[in-house]
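Q: Structure: target36.tsv, TSV, C-alpha atoms and all ligand atoms.
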chain	number	residue	atom	x	y	z
Z	1	MET	CA	16.78	-18.70	-19.18
Z	2	ASN	CA	17.09	-15.01	-19.95
Z	3	ILE	CA	17.51	-12.20	-17.49
Z	4	ASN	CA	15.78	-8.85	-17.92
Z	5	LYS	CA	18.54	-7.21	-19.94
Z	6	ASN	CA	16.95	-3.81	-19.46
Z	7	TYR	CA	18.61	-3.79	-16.05
Z	8	LEU	CA	21.95	-3.63	-17.85
Z	9	ASN	CA	20.86	-0.32	-19.34
Z	10	LEU	CA	20.52	1.29	-15.90
Z	11	GLU	CA	23.11	3.91	-15.21
Z	12	ASP	CA	24.94	3.30	-11.97
Z	13	SER	CA	24.12	6.00	-9.48
Z	14	TYR	CA	27.31	7.11	-7.80
Z	15	LEU	CA	25.79	10.31	-6.43
Z	16	PHE	CA	25.30	9.47	-2.77
Z	17	SER	CA	28.13	6.94	-2.58
Z	18	THR	CA	30.57	9.50	-4.04
Z	19	ILE	CA	29.37	12.12	-1.55
Z	20	ALA	CA	29.83	9.65	1.32
Z	21	LYS	CA	33.34	8.71	0.11
Z	22	LYS	CA	34.45	12.32	-0.30
Z	23	VAL	CA	33.12	13.28	3.14
Z	24	ALA	CA	34.72	10.22	4.79
Z	25	GLN	CA	38.09	11.07	3.17
Z	26	PHE	CA	37.83	14.69	4.31
Z	27	VAL	CA	36.96	13.71	7.88
Z	28	LYS	CA	39.89	11.27	7.95
Z	29	GLU	CA	42.30	14.00	6.83
Z	30	ASN	CA	40.74	16.76	8.98
Z	31	PRO	CA	39.55	15.11	12.20
Z	32	ASP	CA	39.30	18.46	14.01
Z	33	LYS	CA	36.88	20.04	11.50
Z	34	LYS	CA	33.11	19.86	12.10
Z	35	VAL	CA	31.20	18.81	9.00
Z	36	ILE	CA	27.54	19.91	8.63
Z	37	ARG	CA	25.35	17.82	6.35
Z	38	LEU	CA	22.66	19.70	4.44
Z	39	GLY	CA	22.45	17.16	1.65
Z	40	ILE	CA	20.14	14.53	3.03
Z	41	GLY	CA	16.58	14.05	1.82
Z	42	ASP	CA	15.61	12.21	4.99
Z	43	VAL	CA	13.76	13.79	7.90
Z	44	THR	CA	15.42	14.11	11.32
Z	45	LEU	CA	12.62	15.03	13.74
Z	46	PRO	CA	11.00	12.09	15.55
Z	47	LEU	CA	7.42	10.91	15.06
Z	48	ALA	CA	4.73	13.13	16.60
Z	49	PRO	CA	3.57	12.02	20.09
Z	50	ALA	CA	0.01	11.45	18.77
Z	51	VAL	CA	1.44	9.02	16.20
Z	52	VAL	CA	3.59	7.20	18.77
Z	53	ASN	CA	0.54	6.82	21.02
Z	54	ALA	CA	-1.46	5.33	18.17
Z	55	ILE	CA	1.36	2.85	17.46
Z	56	LYS	CA	1.44	1.77	21.11
Z	57	ASN	CA	-2.32	1.36	21.28
Z	58	ALA	CA	-2.37	-0.59	18.02
Z	59	ALA	CA	0.44	-2.84	19.29
Z	60	ASP	CA	-1.66	-3.55	22.41
Z	61	GLU	CA	-4.64	-4.40	20.21
Z	62	MET	CA	-2.49	-6.82	18.22
Z	63	GLY	CA	-1.52	-8.53	21.47
Z	64	LYS	CA	-5.09	-9.26	22.56
Z	65	GLN	CA	-7.25	-12.08	21.23
Z	66	GLU	CA	-10.36	-9.88	20.84
Z	67	THR	CA	-8.63	-7.16	18.84
Z	68	PHE	CA	-5.89	-9.06	17.01
Z	69	LYS	CA	-5.77	-8.41	13.22
Z	70	GLY	CA	-4.47	-10.72	10.53
Z	71	TYR	CA	-4.43	-9.83	6.84
Z	72	GLY	CA	-6.10	-6.50	6.27
Z	73	PRO	CA	-7.82	-5.17	3.15
Z	74	GLU	CA	-5.23	-4.80	0.37
Z	75	GLN	CA	-6.49	-1.31	-0.42
Z	76	GLY	CA	-6.12	-0.16	3.20
Z	77	TYR	CA	-8.42	-0.07	6.23
Z	78	ALA	CA	-11.58	2.00	5.82
Z	79	PHE	CA	-10.65	4.20	8.81
Z	80	LEU	CA	-7.50	5.43	7.05
Z	81	ARG	CA	-9.05	5.81	3.62
Z	82	GLU	CA	-11.88	7.84	5.16
Z	83	ALA	CA	-9.36	10.05	6.97
Z	84	ILE	CA	-7.55	10.64	3.66
Z	85	GLN	CA	-10.89	11.31	1.95
Z	86	LYS	CA	-11.65	14.01	4.55
Z	87	TYR	CA	-8.17	15.49	4.11
Z	88	TYR	CA	-8.87	15.89	0.38
Z	89	ALA	CA	-12.32	17.33	1.11
Z	90	ARG	CA	-10.59	20.17	2.96
Z	91	LYS	CA	-8.88	21.00	-0.33
Z	92	SER	CA	-12.31	20.85	-2.00
Z	93	VAL	CA	-11.42	17.60	-3.74
Z	94	THR	CA	-14.14	14.96	-3.51
Z	95	LEU	CA	-12.89	11.40	-3.66
Z	96	GLU	CA	-14.66	8.10	-3.17
Z	97	ALA	CA	-13.02	5.86	-0.56
Z	98	ASP	CA	-12.30	3.19	-3.18
Z	99	GLU	CA	-10.37	5.67	-5.30
Z	100	ILE	CA	-7.73	5.72	-2.51
Z	101	PHE	CA	-5.13	2.95	-2.16
Z	102	VAL	CA	-2.98	2.84	0.98
Z	103	SER	CA	0.59	1.74	0.34
Z	104	ASP	CA	3.96	1.35	2.05
Z	105	GLY	CA	5.14	4.62	0.50
Z	106	ALA	CA	5.15	6.61	-2.70
Z	107	LYS	CA	8.33	5.06	-4.09
Z	108	SER	CA	6.84	1.57	-4.35
Z	109	ASP	CA	3.66	2.78	-6.00
Z	110	LEU	CA	5.50	5.06	-8.43
Z	111	GLY	CA	7.36	1.98	-9.61
Z	112	ASN	CA	4.50	-0.53	-9.35
Z	113	ILE	CA	1.94	1.59	-11.22
Z	114	LEU	CA	3.85	0.86	-14.42
Z	115	ASP	CA	2.47	-2.71	-14.29
Z	116	ILE	CA	-0.84	-1.41	-15.63
Z	117	PHE	CA	0.69	0.35	-18.66
Z	118	SER	CA	1.88	-1.14	-21.92
Z	119	LEU	CA	5.60	-1.33	-22.57
Z	120	ASP	CA	5.22	0.54	-25.84
Z	121	ASN	CA	4.16	3.74	-24.12
Z	122	THR	CA	6.50	6.71	-24.35
Z	123	VAL	CA	7.35	8.39	-21.07
Z	124	LEU	CA	8.07	12.07	-20.48
Z	125	VAL	CA	10.15	13.06	-17.45
Z	126	PRO	CA	11.61	16.39	-16.40
Z	127	ASP	CA	15.37	16.88	-16.27
Z	128	PRO	CA	16.57	17.25	-13.49
Z	129	VAL	CA	14.50	14.45	-12.03
Z	130	TYR	CA	13.84	12.21	-9.01
Z	131	PRO	CA	15.74	9.17	-10.40
Z	132	VAL	CA	12.99	6.63	-9.59
Z	133	TYR	CA	10.86	7.83	-12.54
Z	134	VAL	CA	13.68	7.13	-14.96
Z	135	ASP	CA	15.07	3.89	-13.54
Z	136	THR	CA	11.70	2.14	-13.20
Z	137	ASN	CA	11.02	2.80	-16.88
Z	138	VAL	CA	14.51	1.76	-17.95
Z	139	MET	CA	13.93	-1.54	-16.11
Z	140	ALA	CA	10.77	-2.05	-18.12
Z	141	GLY	CA	12.38	-0.97	-21.39
Z	142	ARG	CA	10.13	1.98	-22.14
Z	143	LYS	CA	11.19	4.87	-24.33
Z	144	ILE	CA	11.96	7.94	-22.22
Z	145	LEU	CA	11.84	11.56	-23.40
Z	146	TYR	CA	13.18	14.41	-21.31
Z	147	MET	CA	11.73	17.90	-20.91
Z	148	ASP	CA	14.15	20.63	-20.00
Z	149	ALA	CA	13.72	22.26	-16.63
Z	150	ASN	CA	16.07	25.21	-16.41
Z	151	GLU	CA	16.55	28.74	-15.17
Z	152	SER	CA	14.55	30.24	-18.03
Z	153	ASN	CA	11.38	28.30	-17.14
Z	154	GLY	CA	12.02	28.49	-13.39
Z	155	PHE	CA	12.59	24.70	-13.43
Z	156	LEU	CA	8.87	24.27	-14.25
Z	157	PRO	CA	8.68	23.00	-17.83
Z	158	LEU	CA	5.39	23.40	-19.68
Z	159	PRO	CA	4.07	21.14	-22.46
Z	160	ASP	CA	5.58	21.31	-25.92
Z	161	GLU	CA	2.90	20.52	-28.51
Z	162	ASN	CA	5.55	18.96	-30.76
Z	163	VAL	CA	6.42	16.32	-28.19
Z	164	LYS	CA	4.14	13.29	-28.12
Z	165	CYS	CA	4.07	10.99	-25.10
Z	166	ASP	CA	1.75	8.68	-23.18
Z	167	ILE	CA	2.90	8.92	-19.55
Z	168	ILE	CA	3.96	12.21	-17.98
Z	169	TYR	CA	5.69	12.55	-14.62
Z	170	ILE	CA	5.12	15.75	-12.67
Z	171	CYS	CA	6.50	16.34	-9.18
Z	172	SER	CA	5.32	19.47	-7.39
Z	173	PRO	CA	6.77	20.71	-5.05
Z	174	ASN	CA	9.70	19.29	-6.90
Z	175	ASN	CA	12.57	17.14	-5.76
Z	176	PRO	CA	15.32	18.22	-6.39
Z	177	THR	CA	14.48	21.80	-7.45
Z	178	GLY	CA	11.84	22.83	-4.87
Z	179	ALA	CA	9.88	24.53	-7.68
Z	180	VAL	CA	6.06	24.45	-7.40
Z	181	TYR	CA	3.55	24.57	-10.25
Z	182	THR	CA	0.74	27.13	-10.15
Z	183	LYS	CA	-2.81	26.04	-10.99
Z	184	GLU	CA	-2.38	27.64	-14.44
Z	185	GLY	CA	0.79	25.61	-15.04
Z	186	LEU	CA	-0.87	22.34	-14.05
Z	187	LYS	CA	-3.93	23.18	-16.15
Z	188	LYS	CA	-1.66	23.34	-19.20
Z	189	TRP	CA	-0.45	19.80	-18.42
Z	190	VAL	CA	-4.00	18.56	-17.88
Z	191	ASP	CA	-5.05	20.06	-21.23
Z	192	TYR	CA	-2.02	18.52	-22.92
Z	193	ALA	CA	-2.80	15.10	-21.40
Z	194	HIS	CA	-6.38	15.25	-22.70
Z	195	LYS	CA	-5.28	16.32	-26.15
Z	196	ASN	CA	-2.67	13.57	-26.37
Z	197	ASP	CA	-4.63	10.83	-24.58
Z	198	ALA	CA	-1.81	10.69	-22.00
Z	199	VAL	CA	-1.79	9.89	-18.28
Z	200	ILE	CA	-0.16	12.20	-15.73
Z	201	LEU	CA	1.58	10.58	-12.77
Z	202	PHE	CA	1.51	13.37	-10.21
Z	203	ASP	CA	3.93	13.05	-7.30
Z	204	ALA	CA	2.64	15.11	-4.37
Z	205	ALA	CA	5.09	13.72	-1.78
Z	206	TYR	CA	5.96	17.25	-0.65
Z	207	GLU	CA	2.50	18.84	-0.81
Z	208	CYS	CA	2.44	19.54	2.95
Z	209	PHE	CA	5.14	22.19	2.47
Z	210	ILE	CA	2.85	24.38	0.35
Z	211	LYS	CA	1.81	27.41	2.36
Z	212	SER	CA	-0.27	29.35	-0.14
Z	213	GLU	CA	-3.96	28.75	-0.83
Z	214	GLU	CA	-3.24	29.85	-4.39
Z	215	LEU	CA	-0.90	26.93	-5.11
Z	216	PRO	CA	-2.33	23.46	-5.76
Z	217	ASN	CA	-1.61	20.70	-3.19
Z	218	SER	CA	-3.30	18.16	-5.42
Z	219	ILE	CA	-3.63	17.89	-9.19
Z	220	TYR	CA	-7.34	17.23	-8.64
Z	221	GLU	CA	-7.74	20.89	-7.77
Z	222	ILE	CA	-7.47	21.35	-11.54
Z	223	GLU	CA	-10.65	20.83	-13.52
Z	224	GLY	CA	-10.54	17.72	-15.67
Z	225	ALA	CA	-7.59	16.14	-13.82
Z	226	LYS	CA	-9.64	13.19	-12.61
Z	227	ASN	CA	-9.91	12.05	-16.22
Z	228	CYS	CA	-6.18	12.03	-16.81
Z	229	ALA	CA	-4.13	11.88	-13.58
Z	230	ILE	CA	-3.03	9.48	-10.87
Z	231	GLU	CA	-1.72	11.07	-7.68
Z	232	PHE	CA	0.93	9.68	-5.32
Z	233	CYS	CA	1.35	10.90	-1.79
Z	234	SER	CA	3.26	9.90	1.27
Z	235	PHE	CA	3.46	10.33	5.03
Z	236	SER	CA	7.27	10.31	4.78
Z	237	LYS	CA	7.90	14.04	4.62
Z	238	THR	CA	4.47	15.06	5.96
Z	239	ALA	CA	4.80	13.21	9.25
Z	240	GLY	CA	8.31	11.76	9.40
Z	241	PHE	CA	7.30	8.27	8.19
Z	242	THR	CA	10.47	7.64	6.13
Z	243	GLY	CA	11.25	4.69	8.41
Z	244	THR	CA	7.67	3.85	9.35
Z	245	ARG	CA	6.51	3.50	5.71
Z	246	CYS	CA	3.07	4.59	4.59
Z	247	GLY	CA	1.68	6.44	1.60
Z	248	TYR	CA	-1.34	6.47	-0.67
Z	249	THR	CA	-2.20	6.58	-4.33
Z	250	VAL	CA	-5.36	8.02	-5.82
Z	251	VAL	CA	-6.74	6.47	-9.00
Z	252	PRO	CA	-10.03	8.19	-9.90
Z	253	LYS	CA	-12.74	6.03	-11.43
Z	254	ALA	CA	-13.23	8.70	-14.07
Z	255	LEU	CA	-9.80	7.87	-15.45
Z	256	LYS	CA	-10.44	5.52	-18.36
Z	257	LYS	CA	-8.21	4.44	-21.21
Z	258	GLN	CA	-9.42	2.32	-24.13
Z	259	GLY	CA	-12.73	2.07	-22.29
Z	260	VAL	CA	-11.13	0.54	-19.16
Z	261	GLU	CA	-11.12	2.11	-15.69
Z	262	LEU	CA	-7.49	2.33	-14.51
Z	263	ASN	CA	-8.84	2.07	-10.95
Z	264	LYS	CA	-9.95	-1.51	-11.72
Z	265	LEU	CA	-6.57	-2.44	-13.17
Z	266	TRP	CA	-4.71	-1.00	-10.19
Z	267	LEU	CA	-7.07	-2.73	-7.73
Z	268	ARG	CA	-6.41	-6.02	-9.52
Z	269	ARG	CA	-2.67	-5.37	-9.50
Z	270	GLN	CA	-2.65	-4.58	-5.78
Z	271	THR	CA	-4.88	-7.46	-4.72
Z	272	THR	CA	-2.65	-9.82	-6.68
Z	273	LYS	CA	0.80	-8.57	-5.72
Z	274	PHE	CA	0.34	-6.66	-2.44
Z	275	ASN	CA	-0.99	-7.75	0.94
Z	276	GLY	CA	-1.50	-4.37	2.54
Z	277	VAL	CA	0.22	-2.10	5.03
Z	278	PRO	CA	0.57	-3.25	8.67
Z	279	TYR	CA	-2.46	-2.39	10.86
Z	280	ILE	CA	-0.13	-0.69	13.36
Z	281	VAL	CA	1.27	1.59	10.64
Z	282	GLN	CA	-2.18	2.43	9.31
Z	283	LYS	CA	-3.28	3.38	12.84
Z	284	ALA	CA	-0.18	5.59	13.04
Z	285	ALA	CA	-1.12	7.22	9.72
Z	286	GLU	CA	-4.71	7.73	10.88
Z	287	ALA	CA	-3.37	9.60	13.93
Z	288	VAL	CA	-1.63	12.06	11.58
Z	289	PHE	CA	-5.10	13.34	10.63
Z	290	SER	CA	-6.36	13.70	14.22
Z	291	GLU	CA	-6.60	17.21	15.64
Z	292	MET	CA	-3.58	16.65	17.87
Z	293	GLY	CA	-1.67	14.86	15.09
Z	294	GLN	CA	-2.25	17.74	12.67
Z	295	LYS	CA	-1.09	20.27	15.25
Z	296	GLN	CA	2.06	18.30	16.01
Z	297	ILE	CA	3.07	17.53	12.44
Z	298	LYS	CA	2.49	21.16	11.45
Z	299	GLU	CA	4.98	22.19	14.13
Z	300	ASN	CA	7.55	19.85	12.58
Z	301	ILE	CA	6.86	21.11	9.06
Z	302	GLN	CA	7.17	24.66	10.37
Z	303	TYR	CA	10.55	23.79	11.90
Z	304	TYR	CA	11.84	22.54	8.53
Z	305	SER	CA	10.27	25.51	6.74
Z	306	GLU	CA	12.11	27.93	9.03
Z	307	ASN	CA	15.36	26.11	8.26
Z	308	ALA	CA	14.53	26.51	4.55
Z	309	LYS	CA	13.96	30.21	5.07
Z	310	ILE	CA	17.33	30.58	6.81
Z	311	ILE	CA	19.00	28.94	3.80
Z	312	ALA	CA	16.96	30.92	1.25
Z	313	ASP	CA	17.67	34.23	3.03
Z	314	THR	CA	21.38	33.46	2.92
Z	315	MET	CA	21.17	32.88	-0.85
Z	316	GLU	CA	19.31	36.20	-1.20
Z	317	SER	CA	21.94	38.03	0.81
Z	318	LYS	CA	24.72	36.57	-1.35
Z	319	GLY	CA	22.86	37.33	-4.58
Z	320	ILE	CA	22.77	33.64	-5.52
Z	321	TRP	CA	20.00	32.51	-7.88
Z	322	TYR	CA	17.80	29.76	-6.41
Z	323	THR	CA	14.39	28.09	-6.55
Z	324	GLY	CA	12.47	26.40	-3.73
Z	325	GLY	CA	12.65	26.99	-0.03
Z	326	LYS	CA	9.32	28.76	0.37
Z	327	HIS	CA	6.94	25.89	-0.35
Z	328	SER	CA	9.49	23.11	-0.25
Z	329	PRO	CA	12.20	21.64	1.99
Z	330	TYR	CA	14.69	21.93	-0.89
Z	331	ILE	CA	16.73	24.92	-2.00
Z	332	TRP	CA	18.14	24.55	-5.50
Z	333	LEU	CA	20.84	27.09	-6.14
Z	334	LYS	CA	23.05	28.12	-9.00
Z	335	CYS	CA	26.68	27.43	-8.20
Z	336	PRO	CA	28.52	30.76	-7.91
Z	337	ASN	CA	31.42	31.76	-10.16
Z	338	ASN	CA	30.38	29.29	-12.86
Z	339	MET	CA	31.53	26.35	-10.79
Z	340	SER	CA	30.31	22.91	-11.80
Z	341	SER	CA	28.13	21.03	-9.29
Z	342	TRP	CA	31.02	18.86	-8.08
Z	343	GLU	CA	33.49	21.76	-8.01
Z	344	PHE	CA	31.07	23.59	-5.74
Z	345	PHE	CA	30.63	20.47	-3.61
Z	346	ASP	CA	34.41	20.25	-3.08
Z	347	TYR	CA	34.63	24.01	-2.52
Z	348	LEU	CA	32.02	23.93	0.26
Z	349	LEU	CA	33.46	20.82	1.86
Z	350	ASN	CA	37.04	22.10	1.85
Z	351	ASN	CA	36.32	25.70	2.84
Z	352	ILE	CA	33.36	25.60	5.22
Z	353	GLN	CA	32.71	21.88	5.74
Z	354	VAL	CA	29.13	22.05	4.53
Z	355	VAL	CA	27.82	19.07	2.55
Z	356	GLY	CA	25.10	19.43	-0.08
Z	357	THR	CA	24.01	17.44	-3.13
Z	358	PRO	CA	25.49	18.21	-6.57
Z	359	GLY	CA	22.66	18.96	-9.00
Z	360	ALA	CA	24.49	17.08	-11.78
Z	361	GLY	CA	23.44	13.87	-10.02
Z	362	PHE	CA	19.79	14.51	-11.01
Z	363	GLY	CA	20.28	14.94	-14.76
Z	364	LYS	CA	22.18	16.98	-17.33
Z	365	ASN	CA	20.25	20.17	-16.56
Z	366	GLY	CA	21.33	19.85	-12.94
Z	367	GLU	CA	24.95	20.59	-13.88
Z	368	GLY	CA	26.03	23.88	-12.36
Z	369	TYR	CA	23.33	23.65	-9.65
Z	370	PHE	CA	23.31	22.40	-6.10
Z	371	ARG	CA	20.65	21.14	-3.65
Z	372	LEU	CA	20.54	22.06	0.02
Z	373	THR	CA	17.88	20.60	2.31
Z	374	SER	CA	16.11	21.93	5.36
Z	375	PHE	CA	15.66	18.57	7.08
Z	376	GLY	CA	18.61	19.17	9.39
Z	377	ASP	CA	18.99	20.50	12.89
Z	378	ARG	CA	18.25	24.25	13.43
Z	379	GLU	CA	21.53	25.09	15.15
Z	380	LYS	CA	23.54	23.33	12.47
Z	381	THR	CA	21.58	25.00	9.68
Z	382	ILE	CA	22.26	28.40	11.22
Z	383	GLU	CA	25.94	27.60	11.66
Z	384	ALA	CA	26.25	26.30	8.10
Z	385	MET	CA	24.71	29.51	6.76
Z	386	GLU	CA	26.95	31.69	8.96
Z	387	ARG	CA	29.91	29.92	7.43
Z	388	PHE	CA	28.38	30.34	3.97
Z	389	LYS	CA	28.02	34.09	4.42
Z	390	ASN	CA	31.78	34.46	4.82
Z	391	LEU	CA	32.48	32.77	1.48
Z	392	PHE	CA	33.47	34.46	-1.79
Z	401	LIG	N1	8.68	11.08	-4.44
Z	401	LIG	C1	9.67	11.97	-4.28
Z	401	LIG	C2	9.74	13.14	-5.21
Z	401	LIG	C3	10.63	11.81	-3.27
Z	401	LIG	O1	11.62	12.70	-3.14
Z	401	LIG	C4	10.53	10.69	-2.42
Z	401	LIG	C5	11.51	10.46	-1.35
Z	401	LIG	O2	12.50	11.10	-1.18
Z	401	LIG	C6	9.50	9.78	-2.64
Z	401	LIG	C7	8.59	10.01	-3.65
Z	401	LIG	C8	9.42	8.53	-1.84
Z	401	LIG	O3	8.60	8.63	-0.77
Z	401	LIG	P1	8.30	7.40	0.18
Z	401	LIG	O4	9.20	7.52	1.37
Z	401	LIG	O5	6.85	7.54	0.51
Z	401	LIG	O6	8.56	6.13	-0.57
Represent the structure of the file as structure tokens.
Ligand code: PLP

A:
Amino acid sequence: MNINKNYLNLEDSYLFSTIAKKVAQFVKENPDKKVIRLGIGDVTLPLAPAVVNAIKNAADEMGKQETFKGYGPEQGYAFLREAIQKYYARKSVTLEADEIFVSDGAKSDLGNILDIFSLDNTVLVPDPVYPVYVDTNVMAGRKILYMDANESNGFLPLPDENVKCDIIYICSPNNPTGAVYTKEGLKKWVDYAHKNDAVILFDAAYECFIKSEELPNSIYEIEGAKNCAIEFCSFSKTAGFTGTRCGYTVVPKALKKQGVELNKLWLRRQTTKFNGVPYIVQKAAEAVFSEMGQKQIKENIQYYSENAKIIADTMESKGIWYTGGKHSPYIWLKCPNNMSSWEFFDYLLNNIQVVGTPGAGFGKNGEGYFRLTSFGDREKTIEAMERFKNLF
């Protein structure tokens, strides 16, 4: 019996546990000081009333003989896939319903999609990076190449013709940097993918924060992307589903490798290993697309966006370099006075009791940077930034 030794190659992630330990120690030593947390990537506003109503109605249906549902379609109920299809149509992206796969969230699918790719593929990920892209490939034993995201490219790396890879991860708006690709930027990646016979895995988990018509919410807004890209999306940040769990993945039928439709492989993978998302949750997700649901979730997104603006304005006023904030819930800032990420973490905790996330935890290029999030409470965000203004 042999274990999967690739797991032994995973680097332990001490990022959030170290933050928690440091904060707990500080609170123990300074019980009178009020700590404000702007480090979390989780939402804080409750589900929209339209969503809660849908959950209650669906629960009632499940409790009645005539409307009870057992196993649902693995790919998701037609009502939800059609709602997603219409959502894409508003962005002028035409999808067939069976190109959409409903899931329990983007994280699972980002990991599971690797089932359909050979282990000898080379993977290209940005640095800094959402750690799931790296760890899922380490588990499988794939070769990973890193592309530098840094201040000089605005944390939006473009293809390097000298680098050859088979699977490319792109996250826009980006976690952790908040940077967003333009259509021209994504077109360069689509062209590169075609030239190199590569597949793009496009993570659009934060697309709802994009406020400009000029910026792409979906990679399929780029010509030719249906032949080379799979898109992952989620209701987590769009509608506060981090604890409710629902997302979707788009695998266009036009995407073929070695003469095989990847849509067919993914369908086979899902029907074999996945039994679908609960009916109640899919009804909740459907309600997100209703007129009332859209109005209510937009109010929540606006709330977070205003928090982001408060943080971004503070960085402007202090002359601190940053990305994100405008089309993203994340503000990625350069630590002042050449402090390292962890030095700045300690500095903020000790001096103003504000907690953020050290950029070094997302990759080597994150060193010297710091992530603040807008998912917190308005009053606390304002207070944290007032405290920030009095620093240095
Ligand atoms: N992709 C990115 C870039 C994320 O930051 C997250 C969550 O923080 C996810 C995917 C996971 O989303 P979900 O809650 O749908 O699994």

Q: Determine, counting all atoms listed in the file, which protein, DNA and RNA residues have an atom within 12 Å of an atom of Z:Lys273; residues of the same chain fewer than 6 positions away are not included. Present the result as a PDB file with C-alpha atoms, in the frame of the given file.

A:
ATOM      1  CA  GLU Z  74      -5.230  -4.800   0.370  1.00  0.00           C
ATOM      2  CA  GLN Z  75      -6.490  -1.310  -0.420  1.00  0.00           C
ATOM      3  CA  SER Z 103       0.590   1.740   0.340  1.00  0.00           C
ATOM      4  CA  SER Z 108       6.840   1.570  -4.350  1.00  0.00           C
ATOM      5  CA  ASP Z 109       3.660   2.780  -6.000  1.00  0.00           C
ATOM      6  CA  ASN Z 112       4.500  -0.530  -9.350  1.00  0.00           C
ATOM      7  CA  ILE Z 113       1.940   1.590 -11.220  1.00  0.00           C
ATOM      8  CA  ASP Z 115       2.470  -2.710 -14.290  1.00  0.00           C
ATOM      9  CA  TRP Z 266      -4.710  -1.000 -10.190  1.00  0.00           C
ATOM     10  CA  LEU Z 267      -7.070  -2.730  -7.730  1.00  0.00           C
TER      11      LEU Z 267
END

Q: Z:Cys233, Z:Met315, Z:Ala239, Z:Cys165: which is nearest ligand LIG 401 (chain Z), counting all atoms listed in the file?

A: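 Selected residue with least distance to ligand LIG 401 (chain Z): Z:Cys233.
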
Q: Please compute the atom CA of Z:Asn300-atom CA of Z:Ala54 distance, one decimal, in Å.

A: 18.0 Å

Q: Set the cut-off to 6 Å, count all atoms listed in the file, and list whatever residues fall near ligand LIG 401 (chain Z) as JSON, numbers by chain.

A: {"Z": [41, 105, 106, 107, 130, 175, 203, 205, 234, 236, 242, 247]}

Q: So which residues touch Z:Trp189 within 12 Å, counting all atoms listed in the file, skipping near sequence neighbours fewer than 4 positions away, as a PyMOL selection string?

A: chain Z and resi 124+156-161+165+167-170+181-185+193-202+219+222-225+228-229

Q: Go through Z:Thr323, Z:Glu306, Z:Gln270, Z:Glu11 one by one, measure the shortest atom-to-atom distance of each to Z:Pro173 using all atoms listed in the file, and give the residue with the smallest value.

A: Z:Thr323

Q: Name the closest residue to Z:Ile310 among the candidates Z:Gly376, Z:Pro31, Z:Gly356, Z:Gly366; distances are taken between atoms, counting all atoms listed in the file.

A: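 Counting all atoms listed in the file, the residue closest to Z:Ile310 is Z:Gly376.
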
Q: By how many Å are atom CA of Z:Gly72 and atom CA of Z:Phe274 apart?

A: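 Separating atom CA of Z:Gly72 from atom CA of Z:Phe274 is a distance of 10.8 Å.
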
Q: Could you list, as a PyMOL selection string, every residue within 8 Å of Z:Val180, counting all atoms listed in the file and ignoring same-chain residues fewer than 6 positions away?

A: chain Z and resi 156+172-174+215+324+327

Q: For atom CA of Z:Lys28 and atom CA of Z:Leu15, determine how far apart the two atoms are, in Å to one decimal place.

A: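 Computing the Euclidean distance for atom CA of Z:Lys28 and atom CA of Z:Leu15 yields 20.2 Å.
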
Q: So that I can check the surroundings of Z:Lys334, please list as a short mmCIF file (atom, residue, chain, number, x, y, z; two decimals) with C-alpha atoms, in the coordinates of the input every protein, DNA and RNA residue that reaches within 12 Å of it, counting all atoms listed in the file and ignoring chain neighbours fewer than 6 positions away.

A:
data_model
loop_
_atom_site.label_atom_id
_atom_site.label_comp_id
_atom_site.auth_asym_id
_atom_site.auth_seq_id
_atom_site.Cartn_x
_atom_site.Cartn_y
_atom_site.Cartn_z
CA ASN Z 150 16.07 25.21 -16.41
CA GLU Z 151 16.55 28.74 -15.17
CA GLY Z 154 12.02 28.49 -13.39
CA PHE Z 155 12.59 24.70 -13.43
CA THR Z 177 14.48 21.80 -7.45
CA MET Z 315 21.17 32.88 -0.85
CA GLU Z 316 19.31 36.20 -1.20
CA LYS Z 318 24.72 36.57 -1.35
CA GLY Z 319 22.86 37.33 -4.58
CA ILE Z 320 22.77 33.64 -5.52
CA TRP Z 321 20.00 32.51 -7.88
CA TYR Z 322 17.80 29.76 -6.41
CA THR Z 323 14.39 28.09 -6.55
CA GLY Z 324 12.47 26.40 -3.73
CA SER Z 340 30.31 22.91 -11.80
CA SER Z 341 28.13 21.03 -9.29
CA PHE Z 344 31.07 23.59 -5.74
CA PRO Z 358 25.49 18.21 -6.57
CA GLY Z 359 22.66 18.96 -9.00
CA ALA Z 360 24.49 17.08 -11.78
CA ASN Z 365 20.25 20.17 -16.56
CA GLY Z 366 21.33 19.85 -12.94
CA GLU Z 367 24.95 20.59 -13.88
CA GLY Z 368 26.03 23.88 -12.36
CA TYR Z 369 23.33 23.65 -9.65
CA PHE Z 370 23.31 22.40 -6.10
CA ARG Z 371 20.65 21.14 -3.65
CA LEU Z 372 20.54 22.06 0.02
#

Q: For Z:Lys69, please output as number ranges by chain all residues within 12 Å (counting all atoms listed in the file; exclusion window: fewer than 5 positions along the same chain).

A: Z: 58-64, 77, 277-280

Q: Using only C-alpha atoms for the distances, tell me which of Z:Asn9, Z:Asn263, Z:Asn351, Z:Thr244 is nearest to Z:Ile100.

A: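 Smallest distance to Z:Ile100 is found for Z:Asn263.
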
Q: Show me as a list in words the residues that reach within 10 Å of (16.7, -4.7, -19.4), counting all atoms listed in the file and using the file's own coordinates.

A: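 Output of the proximity query reads Ile3, Asn4, Lys5, Asn6, Tyr7, Leu8, Asn9, Leu10, Asn137, Val138, Met139, Ala140, Gly141 and Arg142 of chain Z.
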
Q: Tell me which residues come within 10 Å of (0.0, 21.5, 9.1), as a list in words, counting all atoms listed in the file in the file's coordinates.

A: Cys208, Phe209, Ile210, Lys211, Thr238, Ala239, Val288, Phe289, Gly293, Gln294, Lys295, Gln296, Ile297, Lys298, Glu299, Asn300, Ile301 and Gln302 of chain Z
